[in-house]
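K.L.:
target_31.txt (compact mmCIF, C-alpha atoms) pasted underneath:
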# COMPACT_ATOMS: atom_id res chain seq x y z
CA MET A 1 -0.93 14.17 -18.74
CA LEU A 2 -1.00 12.66 -15.28
CA GLN A 3 1.33 9.69 -15.15
CA MET A 4 0.24 6.96 -12.75
CA THR A 5 3.03 4.57 -13.59
CA ARG A 6 4.99 5.09 -10.36
CA ALA A 7 1.95 5.55 -8.16
CA MET A 8 0.32 2.28 -9.14
CA PRO A 9 3.00 -0.34 -9.74
CA PRO A 10 1.93 -3.77 -10.95
CA ILE A 11 1.16 -6.35 -8.27
CA ASP A 12 4.45 -8.23 -8.76
CA ALA A 13 6.42 -5.02 -8.11
CA ALA A 14 6.21 -5.34 -4.30
CA PRO A 15 9.01 -7.89 -3.80
CA ARG A 16 11.27 -5.92 -6.16
CA HIS A 17 10.58 -2.75 -4.21
CA ALA A 18 11.46 -4.55 -0.97
CA ALA A 19 14.70 -5.77 -2.53
CA ARG A 20 15.55 -2.24 -3.64
CA THR A 21 14.86 -0.93 -0.14
CA ALA A 22 17.10 -3.64 1.30
CA LEU A 23 19.82 -2.59 -1.12
CA LEU A 24 19.38 1.08 -0.25
CA ALA A 25 19.54 0.66 3.53
CA PRO A 26 23.26 -0.26 3.78
CA LEU A 27 24.09 2.35 1.12
CA LEU A 28 22.31 5.04 3.13
CA ALA A 29 24.04 3.89 6.30
CA GLY A 30 27.40 4.09 4.51
CA VAL A 31 26.70 7.59 3.21
CA LEU A 32 25.61 8.76 6.67
CA LEU A 33 28.65 7.23 8.34
CA ALA A 34 30.97 8.82 5.78
CA ALA A 35 29.37 12.22 6.26
CA PHE A 36 29.04 12.07 10.01
CA PRO A 37 31.79 9.96 11.58
CA PRO A 38 31.15 9.08 15.22
CA ALA A 39 33.69 11.70 16.31
CA ALA A 40 31.80 14.44 14.45
CA LEU A 41 28.56 13.42 16.14
CA GLY A 42 30.05 13.96 19.58
CA ALA A 43 30.96 10.35 20.38
CA PRO A 44 34.02 9.99 22.59
CA PRO A 45 37.15 8.93 20.65
CA ALA A 46 38.50 5.46 21.26
CA GLY A 47 41.74 5.10 23.20
CA PRO A 48 43.13 6.29 26.48
CA GLU A 49 42.08 9.96 26.14
CA VAL A 50 38.41 9.36 26.93
CA THR A 51 36.62 12.34 28.36
CA THR A 52 33.19 12.18 29.95
CA PRO A 53 30.33 13.36 27.71
CA ALA A 54 29.33 15.91 30.34
CA ALA A 55 32.81 17.42 30.39
CA SER A 56 33.13 17.58 26.59
CA ALA A 57 29.64 19.01 26.11
CA ALA A 58 29.94 21.67 28.81
CA PRO A 59 30.47 25.14 27.29
CA PRO A 60 33.17 27.44 28.71
CA ALA A 61 32.03 29.82 31.41
CA GLY A 62 30.35 33.03 30.24
CA GLU A 63 29.41 31.67 26.77
CA PRO A 64 25.73 31.54 25.71
CA PRO A 65 25.39 27.97 24.40
CA ALA A 66 22.09 28.02 22.42
CA ALA A 67 22.69 31.22 20.45
CA GLU A 68 26.19 30.12 19.40
CA SER A 69 25.14 26.66 18.16
CA SER A 70 22.26 27.69 15.87
CA PRO A 71 24.36 28.44 12.69
CA ASP A 72 26.03 25.02 13.08
CA THR A 73 22.62 23.36 13.36
CA ARG A 74 21.48 25.14 10.20
CA GLY A 75 24.54 23.87 8.36
CA LEU A 76 23.88 20.36 9.61
CA ASP A 77 20.25 20.61 8.45
CA GLN A 78 21.42 21.63 4.99
CA GLU A 79 23.84 18.71 4.89
CA ILE A 80 21.07 16.32 5.90
CA GLN A 81 18.79 17.74 3.20
CA GLY A 82 21.57 17.32 0.66
CA LEU A 83 22.09 13.71 1.74
CA LYS A 84 18.35 13.02 1.49
CA LYS A 85 18.36 14.40 -2.05
CA ASP A 86 21.34 12.18 -2.92
CA VAL A 87 19.46 9.15 -1.60
CA VAL A 88 16.36 10.03 -3.65
CA ASP A 89 18.53 10.44 -6.77
CA LEU A 90 20.27 7.16 -6.04
CA ASN A 91 16.90 5.43 -5.62
CA LYS A 92 15.78 6.82 -8.99
CA ASP A 93 18.97 5.59 -10.68
CA LEU A 94 18.56 2.15 -9.08
CA PHE A 95 14.94 2.00 -10.26
CA ILE A 96 15.98 2.76 -13.85
CA LEU A 97 18.86 0.26 -13.65
CA GLU A 98 16.54 -2.41 -12.24
CA GLU A 99 14.01 -1.85 -15.04
CA GLU A 100 16.76 -2.03 -17.66
CA LEU A 101 18.09 -5.26 -16.20
CA LEU A 102 14.75 -6.99 -15.59
CA PHE A 103 13.02 -5.77 -18.74
CA PRO A 104 15.66 -5.23 -21.44
CA ALA A 105 14.52 -3.14 -24.41
CA ASN A 106 14.69 -6.03 -26.89
CA THR A 107 12.22 -8.23 -24.97
CA GLN A 108 10.16 -5.60 -23.13
CA VAL A 109 6.39 -5.41 -23.53
CA ALA A 110 4.34 -2.80 -21.68
CA VAL A 111 0.55 -2.46 -21.56
CA PHE A 112 -1.00 0.90 -20.68
CA LEU A 113 -4.60 1.77 -19.90
CA SER A 114 -6.49 5.00 -20.52
CA VAL A 115 -10.12 6.00 -20.09
CA ASP A 116 -11.79 8.73 -22.11
CA VAL A 117 -15.04 10.28 -20.84
CA GLY A 118 -16.39 7.20 -19.02
CA GLN A 119 -20.03 8.24 -19.25
CA PHE A 120 -21.31 4.81 -20.28
CA PHE A 121 -18.91 2.63 -18.36
CA ALA A 122 -17.52 2.65 -14.81
CA LEU A 123 -14.43 0.43 -14.72
CA ASP A 124 -14.12 -2.08 -11.90
CA SER A 125 -11.35 -4.46 -12.97
CA VAL A 126 -9.21 -5.52 -15.90
CA GLN A 127 -7.88 -8.99 -16.54
CA LEU A 128 -5.03 -9.39 -19.01
CA LYS A 129 -4.03 -12.58 -20.77
CA LEU A 130 -0.91 -12.83 -22.86
CA ASP A 131 -0.79 -15.94 -25.06
CA ARG A 132 -3.69 -17.45 -23.02
CA LYS A 133 -1.82 -17.00 -19.74
CA GLU A 134 -3.22 -14.57 -17.16
CA VAL A 135 -0.58 -11.97 -16.38
CA ILE A 136 -2.55 -9.50 -14.27
CA ASN A 137 -5.98 -8.99 -12.71
CA TYR A 138 -6.23 -5.43 -11.48
CA LEU A 139 -9.00 -4.00 -9.30
CA TYR A 140 -9.62 -0.24 -9.49
CA THR A 141 -10.48 1.98 -6.53
CA PRO A 142 -12.52 5.21 -6.84
CA ARG A 143 -9.30 7.27 -6.45
CA GLU A 144 -7.60 5.44 -9.31
CA LEU A 145 -10.66 5.83 -11.53
CA ASP A 146 -10.74 9.51 -10.74
CA ALA A 147 -7.10 9.84 -11.82
CA LEU A 148 -7.81 7.93 -15.04
CA LEU A 149 -10.84 10.07 -15.82
CA LYS A 150 -8.69 13.18 -15.36
CA GLY A 151 -6.46 11.94 -18.20
CA GLY A 152 -4.02 9.67 -16.37
CA VAL A 153 -2.41 6.76 -18.18
CA GLN A 154 -1.62 3.71 -16.08
CA ARG A 155 1.09 1.24 -16.87
CA LEU A 156 -0.90 -1.88 -16.17
CA TYR A 157 1.70 -4.48 -17.05
CA LEU A 158 5.40 -4.69 -17.78
CA GLY A 159 6.96 -7.96 -18.85
CA ASN A 160 9.14 -9.79 -21.33
CA LEU A 161 8.21 -11.51 -24.57
CA LYS A 162 10.28 -13.27 -27.18
CA VAL A 163 10.33 -12.14 -30.79
CA GLY A 164 7.40 -13.52 -32.83
CA ALA A 165 3.59 -13.57 -33.00
CA HIS A 166 1.62 -13.11 -29.78
CA GLU A 167 -1.96 -12.51 -28.66
CA LEU A 168 -3.19 -10.11 -25.97
CA VAL A 169 -6.71 -10.53 -24.57
CA ALA A 170 -8.19 -8.02 -22.12
CA PHE A 171 -11.43 -8.45 -20.15
CA PHE A 172 -13.01 -5.30 -18.77
CA SER A 173 -15.52 -5.57 -15.90
CA GLY A 174 -17.60 -2.77 -14.48
CA LYS A 175 -20.94 -1.06 -14.64
CA GLY A 176 -22.44 -0.13 -17.97
CA PRO A 177 -25.41 2.03 -18.88
CA ASN A 178 -28.21 1.99 -16.24
CA GLU A 179 -25.80 0.67 -13.55
CA ARG A 180 -25.88 -2.82 -15.04
CA ALA A 181 -22.98 -5.24 -14.63
CA TYR A 182 -20.99 -5.06 -17.82
CA LYS A 183 -18.17 -7.28 -19.05
CA ARG A 184 -16.49 -6.99 -22.42
CA GLY A 185 -13.35 -8.34 -24.00
CA ALA A 186 -10.93 -7.10 -26.61
CA SER A 187 -8.06 -8.91 -28.26
CA LEU A 188 -5.10 -8.09 -30.45
CA ARG A 189 -2.67 -10.27 -32.36
CA PHE A 190 0.65 -8.56 -32.68
CA GLU A 191 4.15 -9.20 -33.87
CA LYS A 192 6.93 -8.64 -31.39
CA GLY A 193 10.04 -7.36 -33.09
CA VAL A 194 13.53 -6.68 -31.77
CA GLY A 195 12.63 -3.44 -29.96
CA ALA A 196 10.30 -2.79 -27.02
CA LYS A 197 6.56 -3.21 -27.60
CA TYR A 198 3.99 -0.78 -26.19
CA LEU A 199 0.26 -1.51 -26.26
CA GLU A 200 -2.59 0.63 -24.97
CA LEU A 201 -6.03 -0.42 -23.76
CA LYS A 202 -8.43 2.41 -24.54
CA ILE A 203 -11.91 2.79 -23.11
CA ASP A 204 -13.94 5.35 -25.02
CA ASP A 205 -17.58 6.34 -25.13
CA ARG A 206 -19.31 5.77 -28.44
CA GLN A 207 -21.91 8.53 -28.45
CA ARG A 208 -23.87 7.24 -31.48
CA LYS A 209 -24.56 3.85 -29.89
CA LEU A 210 -24.61 5.12 -26.30
CA GLN A 211 -22.21 2.32 -25.48
CA PRO A 212 -18.61 2.13 -24.32
CA GLU A 213 -15.94 1.04 -26.78
CA PHE A 214 -12.91 -1.07 -25.90
CA GLU A 215 -9.87 -0.99 -28.11
CA ILE A 216 -6.29 -2.23 -27.98
CA LYS A 217 -3.90 0.07 -29.75
CA ASP A 218 -0.41 -0.86 -30.87
CA TRP A 219 2.07 1.99 -30.40
CA GLU A 220 4.20 1.47 -33.51
CA MET B 1 -5.57 -4.67 38.20
CA ALA B 2 -4.22 -8.20 38.29
CA VAL B 3 -6.77 -9.28 35.67
CA MET B 4 -5.82 -6.32 33.49
CA ALA B 5 -2.13 -7.15 33.83
CA LEU B 6 -2.82 -10.79 32.97
CA GLY B 7 -4.87 -9.71 29.97
CA CYS B 8 -2.07 -7.42 28.79
CA SER B 9 0.56 -10.11 29.22
CA LEU B 10 -1.59 -12.61 27.30
CA ALA B 11 -2.06 -10.05 24.55
CA VAL B 12 1.70 -9.45 24.40
CA GLN B 13 2.28 -13.21 24.17
CA ALA B 14 -0.30 -13.44 21.39
CA GLN B 15 1.41 -10.58 19.57
CA SER B 16 4.81 -12.14 19.91
CA ARG B 17 3.55 -15.19 18.01
CA TYR B 18 2.22 -13.07 15.16
CA ALA B 19 4.91 -13.19 12.50
CA LEU B 20 3.84 -10.02 10.69
CA ILE B 21 4.62 -7.65 13.58
CA GLY B 22 7.33 -5.25 12.45
CA GLN B 23 6.86 -6.34 8.83
CA SER B 24 5.43 -4.31 5.98
CA ALA B 25 1.66 -4.89 5.80
CA PRO B 26 0.77 -6.98 2.72
CA ASP B 27 -0.99 -4.79 0.18
CA PHE B 28 -4.42 -5.76 -1.14
CA ALA B 29 -7.31 -4.49 -3.22
CA LEU B 30 -10.78 -5.83 -2.45
CA HIS B 31 -14.40 -5.27 -3.44
CA ALA B 32 -16.54 -3.61 -0.78
CA ALA B 33 -19.86 -5.12 0.23
CA VAL B 34 -21.36 -1.67 -0.26
CA GLY B 35 -19.62 1.13 -2.18
CA GLY B 36 -16.30 1.30 -4.03
CA ASN B 37 -13.23 -0.93 -3.93
CA ALA B 38 -10.40 -0.30 -1.50
CA ARG B 39 -6.62 -0.64 -1.73
CA LEU B 40 -4.47 -0.60 1.40
CA SER B 41 -1.49 1.22 -0.16
CA GLU B 42 -3.67 4.25 -0.86
CA HIS B 43 -3.83 4.83 2.91
CA ARG B 44 -0.08 5.13 3.54
CA GLY B 45 0.33 8.04 5.96
CA GLU B 46 -2.74 7.07 7.97
CA VAL B 47 -3.05 4.63 10.85
CA VAL B 48 -5.03 1.70 9.43
CA VAL B 49 -7.12 -0.78 11.42
CA LEU B 50 -8.09 -4.03 9.71
CA SER B 51 -10.75 -6.13 11.37
CA PHE B 52 -11.41 -9.62 10.05
CA TRP B 53 -15.00 -10.78 10.51
CA SER B 54 -17.51 -13.39 9.45
CA SER B 55 -21.30 -13.33 9.38
CA ARG B 56 -21.33 -16.38 11.67
CA CYS B 57 -19.12 -14.78 14.32
CA THR B 58 -21.23 -13.21 17.09
CA PRO B 59 -18.48 -11.14 18.82
CA CYS B 60 -17.53 -9.71 15.41
CA ARG B 61 -20.73 -7.66 15.32
CA THR B 62 -20.04 -6.21 18.79
CA GLN B 63 -16.45 -5.51 17.86
CA LEU B 64 -17.36 -3.78 14.59
CA ALA B 65 -19.69 -1.49 16.56
CA ALA B 66 -16.86 -0.70 19.02
CA LEU B 67 -14.45 -0.01 16.15
CA ASN B 68 -17.02 2.26 14.58
CA ARG B 69 -17.13 4.33 17.78
CA SER B 70 -13.34 4.67 17.80
CA LEU B 71 -13.38 5.69 14.12
CA ALA B 72 -15.87 8.44 14.87
CA THR B 73 -13.54 9.75 17.58
CA TYR B 74 -10.20 9.48 15.80
CA HIS B 75 -11.04 9.81 12.10
CA SER B 76 -9.87 13.42 12.01
CA ALA B 77 -6.52 12.37 13.55
CA GLY B 78 -5.75 10.22 10.49
CA LEU B 79 -7.40 6.89 11.18
CA ALA B 80 -8.65 4.62 8.39
CA MET B 81 -10.57 1.42 9.05
CA PHE B 82 -11.59 -1.62 7.01
CA GLY B 83 -13.57 -4.69 7.93
CA ILE B 84 -12.62 -7.75 5.89
CA GLY B 85 -15.26 -10.48 5.62
CA VAL B 86 -13.99 -14.01 5.21
CA ASP B 87 -17.35 -15.63 4.33
CA ASP B 88 -17.38 -18.09 1.44
CA ASP B 89 -20.75 -16.77 0.31
CA PRO B 90 -20.56 -13.10 -0.74
CA ALA B 91 -24.38 -12.77 -0.56
CA GLN B 92 -24.37 -13.76 3.11
CA ALA B 93 -21.49 -11.35 3.80
CA ARG B 94 -23.34 -8.53 2.02
CA GLU B 95 -26.44 -9.14 4.13
CA PHE B 96 -24.34 -9.01 7.29
CA ALA B 97 -22.60 -5.84 6.06
CA ARG B 98 -25.91 -4.09 5.43
CA SER B 99 -27.18 -4.97 8.89
CA ALA B 100 -23.93 -4.00 10.65
CA SER B 101 -24.48 -0.29 9.89
CA VAL B 102 -20.91 0.89 10.33
CA SER B 103 -19.44 3.96 8.68
CA PHE B 104 -16.27 2.26 7.37
CA ALA B 105 -15.97 -0.02 4.33
CA LEU B 106 -16.71 -3.70 4.84
CA LEU B 107 -14.69 -5.58 2.23
CA LEU B 108 -15.22 -9.06 0.86
CA ASP B 109 -12.51 -11.68 0.70
CA PRO B 110 -14.30 -14.87 -0.43
CA ALA B 111 -11.11 -16.25 -2.02
CA LYS B 112 -9.34 -15.66 1.35
CA GLY B 113 -6.16 -14.44 -0.29
CA VAL B 114 -5.93 -11.46 2.07
CA SER B 115 -6.89 -13.53 5.13
CA ARG B 116 -4.11 -15.96 4.28
CA SER B 117 -1.53 -13.21 3.81
CA TYR B 118 -2.49 -11.76 7.23
CA GLN B 119 -2.41 -15.24 8.82
CA VAL B 120 -5.92 -15.00 10.25
CA ASP B 121 -6.37 -17.84 12.74
CA ASN B 122 -9.11 -16.41 14.94
CA LEU B 123 -12.22 -14.29 14.56
CA PRO B 124 -12.54 -11.46 15.27
CA MET B 125 -8.96 -10.46 14.61
CA THR B 126 -7.79 -6.86 14.50
CA VAL B 127 -4.52 -5.70 12.94
CA LEU B 128 -3.10 -2.23 13.59
CA ILE B 129 -0.87 -0.72 10.91
CA ASP B 130 1.15 2.44 11.49
CA ARG B 131 1.53 5.45 9.21
CA SER B 132 4.55 3.95 7.45
CA GLY B 133 2.61 0.78 6.54
CA THR B 134 4.18 -1.51 9.16
CA VAL B 135 2.13 -4.02 11.16
CA ARG B 136 2.45 -2.96 14.79
CA ASN B 137 -0.18 -4.77 16.87
CA VAL B 138 -2.66 -7.58 16.62
CA LEU B 139 -5.66 -8.44 18.81
CA ARG B 140 -7.01 -11.93 18.40
CA ASP B 141 -10.18 -11.64 20.44
CA TYR B 142 -12.80 -9.18 21.56
CA SER B 143 -13.56 -8.32 25.19
CA PRO B 144 -13.89 -5.06 27.17
CA GLU B 145 -10.26 -5.54 28.31
CA SER B 146 -8.98 -6.06 24.79
CA GLU B 147 -10.94 -2.99 23.69
CA GLN B 148 -9.08 -0.92 26.29
CA LEU B 149 -5.79 -2.34 25.07
CA TYR B 150 -6.81 -1.61 21.47
CA LEU B 151 -7.60 2.02 22.34
CA GLN B 152 -4.25 2.43 24.13
CA GLN B 153 -2.33 1.02 21.17
CA LEU B 154 -4.38 3.08 18.71
CA ARG B 155 -3.71 6.33 20.59
CA ALA B 156 0.00 5.53 20.72
CA LEU B 157 0.09 4.97 16.94
CA LEU B 158 -1.89 8.12 16.22
CA ASN B 159 0.51 10.14 18.38
CA GLU B 160 3.60 8.94 16.53
Translate this file's structure into structure tokens.

P.N.:
Amino acid sequence: MLQMTRAMPPIDAAPRHAARTALLAPLLAGVLLAAFPPAALGAPPAGPEVTTPAASAAPPAGEPPAAESSPDTRGLDQEIQGLKKDVVDLNKDLFILEEELLFPANTQVAVFLSVDVGQFFALDSVQLKLDRKEVINYLYTPRELDALLKGGVQRLYLGNLKVGAHELVAFFSGKGPNERAYKRGASLRFEKGVGAKYLELKIDDRQRKLQPEFEIKDWE
Amino acid sequence: MAVMALGCSLAVQAQSRYALIGQSAPDFALHAAVGGNARLSEHRGEVVVLSFWSSRCTPCRTQLAALNRSLATYHSAGLAMFGIGVDDDPAQAREFARSASVSFALLLDPAKGVSRSYQVDNLPMTVLIDRSGTVRNVLRDYSPESEQLYLQQLRALLNE
């Protein structure tokens, strides 16, 4: 199943992403400096024995410079690729760590959205209210709808809730049968326990009534 | 030449006052006057031109036509373009959008959330965003000189 959770982060994810990038920048600089110290990159060493860059870079007479340096360049490329992979891995670990810190398992609540068939309803936007407070209002683009119709599941909202009884209300806007503006709501009262809570908004086609059906499912 | 140089220097001064230059372009998702919705982050990897307009702004119509010509030329080089209407009345904006007959999406921002995030203080206003999603240039007016400057900046971004 196509997972859209990383591709379409919730609206409030932008500042967190910027913070993560800010955290990564010095780390990356540190890794690069450790791997390629200025001396290794051809910078002149500090101190009295300073040679001119032209003199240090000039190859000895009778030596073909380009052909000799290509294996070194290949090695350097491989090192750079390895470093890039390390940075991507580090970013992934930081993302997981951030999620664990911001949304601990005992208070976490996540709301997913899936669309099945979509013959009688073209989704335009979803508004979510948790305990009468709006938590997200998400507008869908044709590309996102296409991904959902291909079986993608979107993580629409990730937040924290305390243990106890809560109510989730979802309003779906879009175009219904005959291209008419269509707005429907669905609600669910649920009990938040000690563990994480996962809820799914499902949009299905009800063939018998030729109408869409909106359902909120509790993943026990 | 002197007029051109003066125009360029004024444009540079105007840009220097625009706080978003060098910053990540604020993401948005808006309804289009005609057609589907649009989200800026879906166009990462393309050079994006945002043009803020209003149905009561006369130069906006001329500028949208000029932008449409540049889109026809550079679309295949990875250029995406959006017009963002700041009218309070969506019906009026839709009427303008239908009459503008441009090939790019004209989006509606009646709540002005996007206009506020892009610090729109003049109409028409054009924001150029590079392939990495960073705001690079802003043009706060429309004239034949500013169009030349826009085309120069656009070509530079497309060549990066």

K.L.:
Pull out every residue of chain B sitting within 7 Å of chain A, counting all atoms listed in the file, and send them as a list in words.

P.N.:
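Close enough to count are Ala29, Gly36, Asn37, Ala38 and Arg39 of chain B.
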
K.L.:
Go through B:Gln152, B:Ser24, B:Ser41, B:Ser54 and flag the residue nearest B:Asn122, using all atoms listed in the file for the distances.

P.N.:
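Ranking B:Gln152, B:Ser24, B:Ser41, B:Ser54 by distance to B:Asn122, first place goes to B:Ser54.
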
K.L.:
What gap, in Å, lies between atom CA of A:Asp131 and atom CA of A:Val169?

P.N.:
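Atom CA of A:Val169 lies 8.0 Å from atom CA of A:Asp131.
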
K.L.:
Expressed in Å to a single decimal, how great is the separation between atom CA of B:Gly78 and atom CA of B:Asp27?

P.N.:
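Pair atom CA of B:Gly78 / atom CA of B:Asp27 returns 18.8 Å.
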
K.L.:
I'd like the contact shell of B:Leu158 - 7 Å cut-off, all atoms listed in the file, skipping same-chain residues fewer than 3 positions apart - returned as a list in words.

P.N.:
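My list of contacting residues is Val47, Ala77, Leu154 and Arg155 of chain B.
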
K.L.:
At a cut-off of 9 Å, using all atoms listed in the file, what residues contact A:Leu168? Leave out same-chain residues fewer than 6 positions from it and give the result as JSON, numbers by chain.

P.N.:
{"A": [128, 129, 130, 131, 132, 186, 187, 188, 189, 190, 216]}

K.L.:
Create the file for the chosen residues now, containing C-alpha atoms and written as a PDB file, in the frame of the given file.

P.N.:
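As written to disk, part07.pdb reads:
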ATOM      1  CA  LEU A 128      -5.030  -9.390 -19.010  1.00  0.00           C
ATOM      2  CA  LYS A 129      -4.030 -12.580 -20.770  1.00  0.00           C
ATOM      3  CA  LEU A 130      -0.910 -12.830 -22.860  1.00  0.00           C
ATOM      4  CA  ASP A 131      -0.790 -15.940 -25.060  1.00  0.00           C
ATOM      5  CA  ARG A 132      -3.690 -17.450 -23.020  1.00  0.00           C
ATOM      6  CA  ALA A 186     -10.930  -7.100 -26.610  1.00  0.00           C
ATOM      7  CA  SER A 187      -8.060  -8.910 -28.260  1.00  0.00           C
ATOM      8  CA  LEU A 188      -5.100  -8.090 -30.450  1.00  0.00           C
ATOM      9  CA  ARG A 189      -2.670 -10.270 -32.360  1.00  0.00           C
ATOM     10  CA  PHE A 190       0.650  -8.560 -32.680  1.00  0.00           C
ATOM     11  CA  ILE A 216      -6.290  -2.230 -27.980  1.00  0.00           C
TER      12      ILE A 216
END

K.L.:
Hey, which of B:Tyr150, B:Phe28, B:Phe82, B:Tyr74 ends up closest to B:Arg136? Count all atoms listed in the file.

P.N.:
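Of B:Tyr150, B:Phe28, B:Phe82, B:Tyr74, the one nearest B:Arg136, counting all atoms listed in the file, is B:Tyr150.
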
K.L.:
How many Å separate atom CA of B:Phe96 from atom CA of B:Val34?

P.N.:
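Atom-to-atom, atom CA of B:Phe96 and atom CA of B:Val34 are spaced 10.9 Å apart.
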
K.L.:
Which residue gives the smallest distance to B:Ala93 among B:Leu107, B:Ala65, B:Val138, B:Leu79, with all atoms listed in the file counted?

P.N.:
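Closest to B:Ala93, using all atoms listed in the file: B:Leu107.
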
K.L.:
Given the choices A:Leu76, A:Val115, A:Ile203, A:Val109, which gets closest to A:Leu148 if the distance is worked out from all atoms listed in the file?

P.N.:
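Closest residue, counting all atoms listed in the file: A:Val115.
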
K.L.:
A:Leu210: which residues within 10 Å, counting only C-alpha atoms, same-chain residues fewer than 2 positions away excluded, as a list in words?

P.N.:
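Residues meeting the cut-off are Gln119, Phe120, Pro177, Asp205, Arg206, Gln207, Arg208, Pro212 and Glu213 of chain A.
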
K.L.:
Please provide the set of residues having any atom within 6 Å of stretch 171-173 of chain A, restricted to all atoms listed in the file, with same-chain residues fewer than 5 positions apart removed, written as a PDB file with C-alpha atoms, keeping the file's coordinate frame.

P.N.:
ATOM      1  CA  ASP A 124     -14.120  -2.080 -11.900  1.00  0.00           C
ATOM      2  CA  SER A 125     -11.350  -4.460 -12.970  1.00  0.00           C
ATOM      3  CA  VAL A 126      -9.210  -5.520 -15.900  1.00  0.00           C
ATOM      4  CA  GLN A 127      -7.880  -8.990 -16.540  1.00  0.00           C
ATOM      5  CA  TYR A 182     -20.990  -5.060 -17.820  1.00  0.00           C
ATOM      6  CA  LYS A 183     -18.170  -7.280 -19.050  1.00  0.00           C
ATOM      7  CA  ARG A 184     -16.490  -6.990 -22.420  1.00  0.00           C
ATOM      8  CA  GLY A 185     -13.350  -8.340 -24.000  1.00  0.00           C
TER       9      GLY A 185
END

K.L.:
I need the residue nearest B:Gly45 from this list: B:Ala32, B:Ala91, B:Cys57, B:Ala80. Use all atoms listed in the file for the distance.

P.N.:
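Between B:Ala32, B:Ala91, B:Cys57, B:Ala80, the residue approaching B:Gly45 most closely is B:Ala80.
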
K.L.:
Choose the residue, out of B:Glu160, B:Ala100, B:Glu42, B:Ile21, that has the smallest atom-to-atom separation from B:Thr62; count only C-alpha atoms.

P.N.:
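Among B:Glu160, B:Ala100, B:Glu42, B:Ile21, it is B:Ala100 that comes nearest to B:Thr62.
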
K.L.:
Which polymer residues have any atom within 12 Å of an atom of A:Lys197, counting only C-alpha atoms, with same-chain residues fewer than 2 positions away left out, as a PyMOL selection string?

P.N.:
chain A and resi 103-112+157-164+166+190-195+199-200+217-220
